[in-house]
$ cat structure24.txt   # compact mmCIF, C-alpha atoms
# COMPACT_ATOMS: atom_id res chain seq x y z
CA MET A 15 -39.20 -5.23 12.72
CA ALA A 16 -36.83 -4.40 9.90
CA MET A 17 -33.81 -6.37 8.87
CA LEU A 18 -30.17 -5.26 8.82
CA HIS A 19 -28.16 -6.29 5.76
CA THR A 20 -24.37 -6.22 5.85
CA VAL A 21 -22.26 -6.32 2.67
CA ASN A 22 -18.49 -6.83 2.78
CA LYS A 23 -17.31 -7.18 -0.84
CA SER A 24 -16.64 -4.49 -3.44
CA PRO A 25 -19.61 -4.09 -5.82
CA PHE A 26 -17.12 -3.65 -8.68
CA GLU A 27 -15.86 -7.18 -8.15
CA ARG A 28 -18.82 -9.15 -6.80
CA ASN A 29 -22.56 -9.01 -7.25
CA SER A 30 -23.45 -9.21 -3.56
CA LEU A 31 -24.37 -5.52 -3.11
CA ASN A 32 -26.56 -5.72 -6.22
CA SER A 33 -28.28 -8.81 -4.83
CA CYS A 34 -28.76 -7.10 -1.49
CA LEU A 35 -30.26 -4.00 -3.11
CA THR A 36 -32.79 -6.07 -5.06
CA LYS A 37 -33.76 -8.36 -2.17
CA SER A 38 -33.91 -5.92 0.75
CA LYS A 39 -37.31 -4.47 1.65
CA GLU A 40 -38.36 -0.86 2.11
CA GLY A 41 -37.50 0.39 5.57
CA SER A 42 -34.67 -2.09 6.05
CA SER A 43 -31.07 -1.06 6.66
CA ILE A 44 -27.92 -1.77 4.67
CA LEU A 45 -24.46 -1.44 6.23
CA LEU A 46 -21.39 -1.43 3.98
CA ILE A 47 -18.27 -2.81 5.67
CA GLU A 48 -14.75 -3.94 4.67
CA ASP A 49 -14.20 -3.74 0.86
CA ALA A 50 -17.88 -2.86 0.29
CA VAL A 51 -17.29 0.69 1.59
CA VAL A 52 -15.97 1.74 -1.83
CA GLY A 53 -19.51 1.25 -3.15
CA ALA A 54 -20.55 4.34 -1.17
CA LEU A 55 -18.30 6.70 -3.16
CA LYS A 56 -19.69 9.49 -5.32
CA GLY A 57 -19.50 9.27 -9.10
CA THR A 58 -19.16 5.51 -9.46
CA VAL A 59 -21.08 3.16 -11.75
CA MET A 60 -22.98 2.07 -8.60
CA ALA A 61 -24.06 5.58 -7.57
CA ASP A 62 -27.51 5.56 -9.21
CA LYS A 63 -28.48 2.26 -7.59
CA LEU A 64 -27.33 3.43 -4.16
CA THR A 65 -29.12 6.75 -4.55
CA ALA A 66 -32.33 4.88 -5.39
CA ALA A 67 -31.89 2.68 -2.31
CA ILE A 68 -31.37 5.68 -0.04
CA ALA A 69 -34.87 6.91 -0.94
CA ASN A 70 -36.59 4.12 0.99
CA LYS A 71 -33.89 2.28 2.95
CA ASN A 72 -31.31 3.31 5.53
CA VAL A 73 -27.81 3.00 4.12
CA TYR A 74 -24.78 3.12 6.40
CA VAL A 75 -21.03 2.77 5.93
CA LEU A 76 -18.50 1.78 8.58
CA GLY A 77 -16.28 4.86 8.99
CA SER A 78 -13.11 3.11 10.07
CA ASP A 79 -13.13 0.84 7.00
CA LEU A 80 -13.74 3.91 4.82
CA ASN A 81 -10.79 5.80 6.38
CA THR A 82 -8.53 2.76 6.10
CA ARG A 83 -9.01 2.84 2.32
CA GLY A 84 -8.23 6.57 2.11
CA PHE A 85 -11.72 8.08 1.98
CA THR A 86 -13.81 10.33 4.21
CA GLU A 87 -17.40 11.52 4.61
CA ALA A 88 -16.93 14.22 1.95
CA GLU A 89 -16.40 11.57 -0.73
CA ILE A 90 -19.47 9.41 -0.14
CA LEU A 91 -22.97 9.83 -1.55
CA ASP A 92 -25.31 12.23 0.23
CA GLY A 93 -27.77 10.35 2.40
CA ILE A 94 -25.40 7.55 3.40
CA LYS A 95 -24.71 7.72 7.13
CA ILE A 96 -21.36 6.92 8.75
CA VAL A 97 -21.27 4.69 11.82
CA ASP A 98 -18.41 3.62 14.09
CA TYR A 99 -18.01 0.22 15.76
CA SER A 100 -20.46 1.04 18.57
CA GLY A 101 -22.94 2.29 15.97
CA PHE A 102 -22.55 -1.08 14.21
CA VAL A 103 -23.45 -2.81 17.49
CA ASP A 104 -26.46 -0.50 17.94
CA LEU A 105 -27.70 -1.34 14.44
CA VAL A 106 -27.46 -5.07 15.15
CA ALA A 107 -29.37 -4.58 18.42
CA GLU A 108 -32.06 -2.39 16.85
CA HIS A 109 -32.94 -4.75 14.01
CA SER A 110 -34.86 -8.00 14.19
CA ASN A 111 -32.32 -9.98 12.21
CA VAL A 112 -29.03 -9.61 10.36
CA GLN A 113 -28.36 -10.94 6.90
CA SER A 114 -24.72 -11.05 5.82
CA TRP A 115 -24.23 -10.83 2.08
CA LEU A 116 -20.86 -12.49 1.41
CA MET B 15 23.86 -10.54 -19.46
CA SER B 16 21.19 -8.21 -20.81
CA GLU B 17 19.54 -11.07 -22.71
CA ASP B 18 18.74 -12.62 -19.32
CA ILE B 19 16.61 -9.69 -18.24
CA LYS B 20 12.95 -10.49 -18.54
CA LYS B 21 9.96 -8.21 -18.51
CA PHE B 22 7.82 -8.89 -15.45
CA MET B 23 4.44 -7.29 -14.89
CA PHE B 24 2.50 -7.58 -11.64
CA VAL B 25 -1.20 -6.97 -12.27
CA ASN B 26 -3.16 -5.82 -9.22
CA THR B 27 -6.92 -6.17 -9.49
CA LYS B 28 -8.17 -6.30 -5.90
CA ALA B 29 -8.97 -3.72 -3.24
CA PRO B 30 -6.59 -3.61 -0.26
CA TYR B 31 -7.41 -4.72 3.33
CA GLY B 32 -10.52 -6.85 2.64
CA THR B 33 -8.33 -9.64 1.35
CA VAL B 34 -4.58 -10.25 1.61
CA TYR B 35 -3.89 -10.17 -2.16
CA ALA B 36 -2.70 -6.54 -2.29
CA LEU B 37 -0.19 -6.92 0.53
CA GLU B 38 1.12 -10.26 -0.77
CA SER B 39 1.56 -8.82 -4.27
CA LEU B 40 3.47 -5.85 -2.91
CA GLU B 41 5.82 -8.17 -1.02
CA VAL B 42 6.52 -10.23 -4.14
CA VAL B 43 7.16 -7.03 -6.11
CA LEU B 44 9.71 -5.88 -3.52
CA ILE B 45 11.41 -9.29 -3.61
CA SER B 46 11.54 -9.20 -7.42
CA ALA B 47 13.40 -5.89 -7.24
CA ALA B 48 16.41 -7.78 -5.86
CA PHE B 49 16.79 -9.77 -9.09
CA ASP B 50 17.52 -6.88 -11.49
CA GLN B 51 14.64 -7.63 -13.83
CA ASP B 52 12.51 -5.22 -15.83
CA VAL B 53 9.57 -4.89 -13.42
CA SER B 54 6.35 -2.97 -13.93
CA ILE B 55 3.10 -2.91 -12.00
CA ALA B 56 -0.42 -2.47 -13.33
CA PHE B 57 -3.34 -1.28 -11.22
CA CYS B 58 -6.73 -2.05 -12.73
CA ASP B 59 -10.25 -2.93 -11.59
CA ASP B 60 -10.38 -2.60 -7.77
CA GLY B 61 -6.57 -2.67 -7.73
CA VAL B 62 -6.61 1.12 -8.20
CA PHE B 63 -7.76 1.43 -4.57
CA GLN B 64 -4.40 0.00 -3.43
CA ILE B 65 -2.70 3.33 -4.13
CA SER B 66 -5.44 5.72 -2.99
CA ASN B 67 -4.01 8.54 -0.90
CA ASN B 68 -4.78 9.40 2.73
CA GLN B 69 -5.19 5.78 3.84
CA ASN B 70 -5.70 5.82 7.61
CA ALA B 71 -6.00 2.44 9.31
CA GLU B 72 -5.87 3.79 12.85
CA ALA B 73 -9.52 3.19 13.74
CA SER B 74 -9.76 -0.20 12.08
CA GLY B 75 -6.59 -1.46 13.78
CA MET B 76 -5.20 -2.85 10.52
CA LYS B 77 -1.69 -2.38 9.17
CA ASN B 78 -1.51 0.55 6.76
CA PHE B 79 1.01 -0.69 4.19
CA SER B 80 0.39 2.05 1.62
CA ASN B 81 3.64 3.88 2.43
CA ALA B 82 5.58 0.91 1.07
CA TYR B 83 4.42 1.82 -2.45
CA LYS B 84 6.35 5.09 -2.03
CA ALA B 85 9.57 3.07 -1.69
CA LEU B 86 9.17 1.37 -5.08
CA GLY B 87 10.99 4.21 -6.86
CA ASP B 88 14.08 3.58 -4.73
CA TYR B 89 14.08 -0.02 -5.96
CA ASP B 90 14.05 1.10 -9.62
CA ILE B 91 10.40 0.10 -10.00
CA ASN B 92 9.05 3.19 -11.69
CA LYS B 93 6.55 1.94 -14.24
CA LEU B 94 3.24 1.96 -12.41
CA TYR B 95 0.43 1.73 -14.97
CA VAL B 96 -3.02 2.84 -13.80
CA GLU B 97 -6.01 2.00 -15.97
CA LYS B 98 -8.05 5.11 -16.76
CA GLU B 99 -11.39 3.33 -17.19
CA SER B 100 -11.04 1.63 -13.80
CA LEU B 101 -10.59 5.01 -12.11
CA GLU B 102 -13.61 6.47 -13.92
CA GLU B 103 -15.90 3.57 -13.05
CA ARG B 104 -15.05 4.16 -9.38
CA GLY B 105 -15.50 7.94 -9.40
CA LEU B 106 -11.75 8.48 -8.98
CA THR B 107 -9.12 10.67 -10.66
CA LEU B 108 -5.33 10.83 -10.39
CA ASP B 109 -5.87 13.31 -7.53
CA ASN B 110 -7.20 10.43 -5.40
CA LEU B 111 -3.93 8.52 -5.79
CA MET B 112 -0.67 8.80 -3.88
CA ASP B 113 2.07 10.96 -5.38
CA LEU B 114 4.47 8.14 -6.33
CA THR B 115 7.76 9.26 -7.82
CA TYR B 116 11.31 8.12 -8.64
CA GLU B 117 14.62 9.85 -9.21
CA ASP B 118 15.85 9.47 -12.80
CA GLU B 119 19.58 8.65 -12.74
CA ASP B 120 19.84 9.44 -16.48
CA ASP B 121 18.46 12.96 -15.91
CA ASP B 122 20.53 14.30 -12.98
CA TRP B 123 18.29 12.46 -10.50
CA ALA B 124 15.28 14.60 -11.37
CA GLU B 125 12.16 13.53 -9.50
CA LYS B 126 9.56 12.19 -11.92
CA PRO B 127 6.13 10.62 -11.54
CA SER B 128 6.03 6.81 -11.55
CA ILE B 129 2.31 6.62 -12.26
CA LYS B 130 1.40 6.39 -15.93
CA LEU B 131 -2.28 6.67 -16.83
CA VAL B 132 -3.13 4.20 -19.60
CA SER B 133 -6.30 3.14 -21.36
CA ARG B 134 -7.68 -0.39 -21.14
CA ALA B 135 -6.47 -1.06 -24.70
CA GLU B 136 -2.99 0.27 -23.92
CA LEU B 137 -2.79 -1.93 -20.83
CA ALA B 138 -3.72 -4.95 -22.93
CA ASP B 139 -0.81 -4.11 -25.27
CA LEU B 140 1.57 -3.71 -22.33
CA MET B 141 0.55 -7.10 -20.93
CA ASP B 142 1.11 -8.64 -24.35
CA GLU B 143 4.74 -7.41 -24.38
CA GLN B 144 5.68 -9.12 -21.10
CA ASP B 145 7.71 -12.28 -20.59
CA VAL B 146 5.99 -12.97 -17.28
CA VAL B 147 2.64 -11.66 -15.99
CA ILE B 148 1.68 -12.29 -12.37
CA SER B 149 -1.90 -11.39 -11.47
CA SER B 150 -3.55 -11.01 -8.12
$ encode --input "structure24.txt" --output "structure tokens"
Amino acid sequence: MAMLHTVNKSPFERNSLNSCLTKSKEGSSILLIEDAVVGALKGTVMADKLTAAIANKNVYVLGSDLNTRGFTEAEILDGIKIVDYSGFVDLVAEHSNVQSWL
Amino acid sequence: MSEDIKKFMFVNTKAPYGTVYALESLEVVLISAAFDQDVSIAFCDDGVFQISNNQNAEASGMKNFSNAYKALGDYDINKLYVEKESLEERGLTLDNLMDLTYEDEDDDWAEKPSIKLVSRAELADLMDEQDVVISS
């Protein structure tokens, strides 16, 4: 079964999302939470890497953390799915293991 | 007494909410306003996210402190420098930021924008002019 990766730091400040993108396997899932949600925005220096990841991985962003920082679904890259807290729980339950990139 | 006024710049480099730096910096800025100094604020790197508009913390249950930035103008803190390159790297424009203004007492209290868009090089020059720079 596939792994769930969570990332909680901004990719503009830390390298953890980059590390996650290079070390996560095809078919795995990546959930952006807390300050990492800004990595899902359109038009950033991270956009190409995220777009490449979306092609063979499931990428999610926690909606409440996105809204807290002033952004909505319209402003994130196409192909990234928004989940709420219960969706977060479902993702944890559906995957074999969770790796937290800190 | 004017020779006692120092130029203070608070440099914000971190996104809000994920860590406490943004909120703590804002509190120190508001305190500094009580001491009649020449205070400016810079927003660069992920600090630009601190003043993004439409922040809504309802679902996350956190404290939305973004409205406090709107009060800065009333405390005579009206030099808010935003680094252009930092916005561009994050896919943002001035339209993504709050409309932060102040009333200019030397111009019949006309409402004017507090946000000044500056380049990375200009921000470096501004930092160089300060007596005190406090980064977070």
$ interface_residues --input "structure24.txt" --of "chain A" --to "chain B" --cutoff "10 Å" --atoms "all atoms listed in the file" --output "PyMOL selection string"
chain A and resi 22-27+47-50+52-61+76-86+89+98-99
$ closest_residue --input "structure24.txt" --among "A:Ala69, A:Met15, A:Ile44, A:Leu64" --to "A:Gln113" --atoms "all atoms listed in the file"
A:Ile44
$ residues_around --input "structure24.txt" --residues "stretch 130-138 of chain B" --least-positions-apart "6" --cutoff "10 Å" --atoms "only C-alpha atoms" --output "ChimeraX atom specification"
/B:56-58,92-101,108
$ atom_distance --input "structure24.txt" --atom1 "atom CA of B:Gln144" --atom2 "atom CA of B:Lys84"
23.8 Å
$ residues_around --input "structure24.txt" --residues "A:Ser114" --least-positions-apart "2" --cutoff "8 Å" --atoms "only C-alpha atoms" --output "PDB file with C-alpha atoms, keeping the file's coordinate frame"
ATOM      1  CA  HIS A  19     -28.160  -6.290   5.760  1.00  0.00           C
ATOM      2  CA  THR A  20     -24.370  -6.220   5.850  1.00  0.00           C
ATOM      3  CA  VAL A  21     -22.260  -6.320   2.670  1.00  0.00           C
ATOM      4  CA  VAL A 112     -29.030  -9.610  10.360  1.00  0.00           C
ATOM      5  CA  LEU A 116     -20.860 -12.490   1.410  1.00  0.00           C
TER       6      LEU A 116
END
$ residues_around --input "structure24.txt" --residues "A:Asn72" --least-positions-apart "6" --cutoff "7 Å" --atoms "all atoms listed in the file" --output "MDAnalysis selection string"
chainID A and resid 41:44
$ write_last_selection --input "structure24.txt" --atoms "C-alpha atoms" --output "tab-separated table (two decimals), keeping the file's coordinate frame"
chain	number	residue	atom	x	y	z
A	41	GLY	CA	-37.50	0.39	5.57
A	42	SER	CA	-34.67	-2.09	6.05
A	43	SER	CA	-31.07	-1.06	6.66
A	44	ILE	CA	-27.92	-1.77	4.67
$ atom_distance --input "structure24.txt" --atom1 "atom CA of B:Leu44" --atom2 "atom CA of B:Leu140"
20.6 Å
$ residues_around --input "structure24.txt" --residues "B:Asp88" --least-positions-apart "5" --cutoff "10 Å" --atoms "all atoms listed in the file" --output "ChimeraX atom specification"
/B:47,115-117
$ atom_distance --input "structure24.txt" --atom1 "atom CA of B:Asp109" --atom2 "atom CA of A:Glu87"
16.8 Å
